[in-house]
Amino acid sequence: MISRRALELATAILTGSFGVAVVVQSLDNGIGWSSEGVDAGTFPFLTGIIIIAGSLYNLVRGVVPVGTPANVPVAITSVELRRLAGLFVPAAIFVAAIPLLGMYVASAAYVFAVLAIPRHQSVLRSAVTAAATALALYVVFERMFQVSLPHGALAAALGF
């Protein structure tokens with residue numbers, strides 16, 4: 001189980017780290033004025049400062065005990081954590097499989113797994129939906145938009 005306070009602190013640290021990265025990169029691009037006008041890094045720098053300020057505010061609110069929802073002892077119960085894992089784990093496996101299997105095969109496998117394993121659909125219907133998804137991705141991106149999605153190491157090994 002995860003407490004609401006821990007969740008808020010982790011989120012504040014994560015967003016604050018993102019803000020610091022934006023500020024540091026903006027400094028590399030230059031902030032201020034040049035002969036052409038505002039330097040490229042000025043607006044991202046200001047955005048990073050705003051993100052850092054908001055993160056610090058949330059960090060202080062998470063640390064200082066106040067009679068708010070942050071004092072609720074449990075923000076995510078074990079049942080909710082399992083549901084969250086049920087969404088996140090298949091998506092993470094899908095993303096990790098794209099470089100190996102390619103977008104089309106990985107998408108078909110993901111759709112099949114999400115529909116067939118929890119028994120939301122029959123195996124045949126899941127297989128048809130997975131094949132239709134891969135075909136639709138191919139037609140839309142490769143044929144209509146003429147944008148090649150990642151084909152993966154499998155396609156390279158098979159010579160496609």
# chains A, B, ... in the order shown; residues from 1 in each chain; ligands from 1
>>> closest_atom_pairs(of="range 88-127 of chain A", to="range 135-154 of chain A", cutoff="8 Å", atoms="only C-alpha atoms", output="CSV")
residue,atom,partner,partner_atom,distance
A:Ile98,CA,A:Gly152,CA,6.4
A:Pro99,CA,A:Gly152,CA,4.7
A:Leu100,CA,A:Gly152,CA,4.8
A:Leu101,CA,A:Gly152,CA,4.9
A:Gly102,CA,A:Gly152,CA,3.8
A:Met103,CA,A:Pro150,CA,5.5
A:Tyr104,CA,A:Leu137,CA,7.0
>>> residues_around(residues="range 114-125 of chain A", least_positions_apart="4", cutoff="12 Å", atoms="only C-alpha atoms", output="list in words")
Gly86, Leu87, Phe88, Val89, Pro90, Ala91, Ile93, Phe94, Ser107, Ala108, Ala109, Tyr110, Thr129, Ala130, Ala131 and Ala132 of chain A
>>> write_last_selection(atoms="N, CA, C and O atoms", output="short mmCIF file (atom, residue, chain, number, x, y, z; two decimals), in the first residue's frame")
data_model
loop_
_atom_site.label_atom_id
_atom_site.label_comp_id
_atom_site.auth_asym_id
_atom_site.auth_seq_id
_atom_site.Cartn_x
_atom_site.Cartn_y
_atom_site.Cartn_z
N GLY A 86 -2.01 -4.05 -13.62
CA GLY A 86 -2.67 -4.68 -14.76
C GLY A 86 -2.70 -3.80 -15.99
O GLY A 86 -2.73 -4.29 -17.12
N LEU A 87 -2.67 -2.50 -15.81
CA LEU A 87 -2.59 -1.57 -16.93
C LEU A 87 -1.15 -1.28 -17.33
O LEU A 87 -0.82 -1.22 -18.51
N PHE A 88 -0.29 -1.09 -16.33
CA PHE A 88 1.07 -0.64 -16.61
C PHE A 88 1.96 -1.76 -17.14
O PHE A 88 2.72 -1.56 -18.09
N VAL A 89 1.91 -2.93 -16.54
CA VAL A 89 2.82 -4.01 -16.92
C VAL A 89 2.64 -4.43 -18.38
O VAL A 89 3.63 -4.50 -19.12
N PRO A 90 1.42 -4.69 -18.87
CA PRO A 90 1.29 -5.02 -20.29
C PRO A 90 1.76 -3.89 -21.21
O PRO A 90 2.38 -4.15 -22.25
N ALA A 91 1.50 -2.65 -20.84
CA ALA A 91 1.95 -1.52 -21.67
C ALA A 91 3.47 -1.43 -21.69
O ALA A 91 4.07 -1.16 -22.74
N ILE A 93 5.57 -3.95 -21.27
CA ILE A 93 6.04 -5.08 -22.09
C ILE A 93 5.86 -4.76 -23.57
O ILE A 93 6.74 -5.05 -24.39
N PHE A 94 4.74 -4.14 -23.92
CA PHE A 94 4.48 -3.74 -25.31
C PHE A 94 5.56 -2.79 -25.81
O PHE A 94 6.14 -2.99 -26.88
N SER A 107 2.04 -4.78 -31.54
CA SER A 107 0.68 -4.28 -31.36
C SER A 107 -0.32 -5.43 -31.40
O SER A 107 -1.25 -5.47 -30.57
N ALA A 108 -0.14 -6.32 -32.33
CA ALA A 108 -1.04 -7.47 -32.41
C ALA A 108 -0.94 -8.33 -31.15
O ALA A 108 -1.97 -8.75 -30.59
N ALA A 109 0.27 -8.57 -30.68
CA ALA A 109 0.45 -9.37 -29.46
C ALA A 109 -0.16 -8.66 -28.26
O ALA A 109 -0.80 -9.30 -27.41
N TYR A 110 0.02 -7.36 -28.17
CA TYR A 110 -0.53 -6.59 -27.05
C TYR A 110 -2.06 -6.65 -27.05
O TYR A 110 -2.68 -6.93 -26.02
N THR A 129 -9.24 -9.43 -33.78
CA THR A 129 -9.06 -8.02 -33.43
C THR A 129 -7.59 -7.64 -33.47
O THR A 129 -7.24 -6.56 -33.96
N ALA A 130 -6.72 -8.52 -33.01
CA ALA A 130 -5.27 -8.25 -33.03
C ALA A 130 -4.76 -8.13 -34.46
O ALA A 130 -4.00 -7.21 -34.79
N ALA A 131 -5.20 -9.05 -35.32
CA ALA A 131 -4.78 -8.99 -36.73
C ALA A 131 -5.32 -7.74 -37.41
O ALA A 131 -4.61 -7.08 -38.18
N ALA A 132 -6.56 -7.38 -37.11
CA ALA A 132 -7.15 -6.17 -37.69
C ALA A 132 -6.41 -4.92 -37.22
O ALA A 132 -6.21 -3.97 -38.00
#
>>> select_by_dssp(residues="range 10-143 of chain A", states="alpha helix (DSSP H)", output="JSON, numbers by chain")
{"A": [10, 11, 12, 13, 14, 15, 16, 17, 18, 19, 20, 21, 22, 23, 24, 25, 26, 27, 28, 29, 42, 43, 44, 45, 46, 47, 48, 49, 50, 51, 52, 53, 54, 55, 56, 57, 58, 59, 60, 61, 62, 63, 78, 79, 80, 81, 82, 83, 84, 85, 86, 87, 88, 89, 90, 91, 92, 93, 94, 95, 96, 97, 98, 99, 100, 101, 103, 104, 105, 106, 107, 108, 109, 110, 111, 112, 113, 114, 115, 116, 123, 124, 125, 126, 127, 128, 129, 130, 131, 132, 133, 134, 135, 136, 137]}
>>> residues_around(residues="Ser17 in chain A", least_positions_apart="5", cutoff="9 Å", atoms="only C-alpha atoms", output="PDB file with C-alpha atoms, in the first residue's frame")
ATOM      1  CA  ALA A  12       6.893  16.556  -6.319  1.00  0.00           C
ATOM      2  CA  VAL A  22      14.450  21.934 -18.403  1.00  0.00           C
ATOM      3  CA  ILE A  52      10.269  23.900  -9.971  1.00  0.00           C
ATOM      4  CA  SER A  55       7.075  21.181  -7.231  1.00  0.00           C
TER       5      SER A  55
END
>>> closest_residue(among="A:Ala155, A:Ile49, A:Ala113, A:Leu59", to="Ser126 in chain A", atoms="only C-alpha atoms")
A:Ala113
>>> closest_residue(among="A:Leu9, A:Leu46, A:Leu84, A:Val111", to="Val24 in chain A", atoms="only C-alpha atoms")
A:Leu46
>>> select_by_dssp(residues="range 5-159 of chain A", states="strand (DSSP E)", output="PyMOL selection string")
chain A and resi 33-34+37-38
>>> write_last_selection(atoms="N, CA, C and O atoms", output="tab-separated table (two decimals), in the first residue's frame")
chain	number	residue	atom	x	y	z
A	33	TRP	N	18.42	38.15	-24.09
A	33	TRP	CA	18.18	38.81	-25.36
A	33	TRP	C	19.41	38.74	-26.24
A	33	TRP	O	20.53	38.83	-25.76
A	34	SER	N	19.19	38.61	-27.53
A	34	SER	CA	20.27	38.67	-28.50
A	34	SER	C	19.89	39.70	-29.55
A	34	SER	O	18.85	40.36	-29.44
A	37	GLY	N	16.49	39.00	-30.91
A	37	GLY	CA	15.37	39.02	-29.97
A	37	GLY	C	15.63	38.07	-28.82
A	37	GLY	O	16.77	37.89	-28.39
A	38	VAL	N	14.59	37.44	-28.36
A	38	VAL	CA	14.70	36.53	-27.21
A	38	VAL	C	15.47	35.28	-27.63
A	38	VAL	O	15.20	34.70	-28.68
>>> residues_around(residues="Ala40 in chain A", least_positions_apart="2", cutoff="9 Å", atoms="only C-alpha atoms", output="list of chain:residue names")
A:Ser26, A:Asn29, A:Gly30, A:Ile31, A:Gly32, A:Val38, A:Thr42, A:Phe43, A:Pro44
>>> atom_distance(atom1="CA of Leu7 in chain A", atom2="CA of Gly62 in chain A")
8.9 Å
>>> residues_around(residues="Ile51 in chain A", least_positions_apart="6", cutoff="12 Å", atoms="only C-alpha atoms", output="number ranges by chain")
A: 11-23, 44-45, 57-58
>>> write_last_selection(atoms="C-alpha atoms", output="PDB file, in the first residue's frame")
ATOM      1  CA  THR A  11       5.420  13.261  -7.560  1.00  0.00           C
ATOM      2  CA  ALA A  12       6.893  16.556  -6.319  1.00  0.00           C
ATOM      3  CA  ILE A  13      10.423  15.169  -6.581  1.00  0.00           C
ATOM      4  CA  LEU A  14       9.774  13.753 -10.051  1.00  0.00           C
ATOM      5  CA  THR A  15       8.270  16.970 -11.432  1.00  0.00           C
ATOM      6  CA  GLY A  16      10.966  19.030  -9.716  1.00  0.00           C
ATOM      7  CA  SER A  17      13.653  16.911 -11.380  1.00  0.00           C
ATOM      8  CA  PHE A  18      11.986  17.483 -14.723  1.00  0.00           C
ATOM      9  CA  GLY A  19      11.931  21.241 -14.050  1.00  0.00           C
ATOM     10  CA  VAL A  20      15.635  21.228 -13.174  1.00  0.00           C
ATOM     11  CA  ALA A  21      16.415  19.353 -16.410  1.00  0.00           C
ATOM     12  CA  VAL A  22      14.450  21.934 -18.403  1.00  0.00           C
ATOM     13  CA  VAL A  23      16.301  24.811 -16.692  1.00  0.00           C
ATOM     14  CA  PRO A  44      11.763  26.957 -21.632  1.00  0.00           C
ATOM     15  CA  PHE A  45      13.823  28.443 -18.767  1.00  0.00           C
ATOM     16  CA  TYR A  57       5.105  24.045  -3.149  1.00  0.00           C
ATOM     17  CA  ASN A  58       3.807  20.478  -3.443  1.00  0.00           C
TER      18      ASN A  58
END
>>> atom_distance(atom1="CA of Ile2 in chain A", atom2="CA of Thr77 in chain A")
7.0 Å
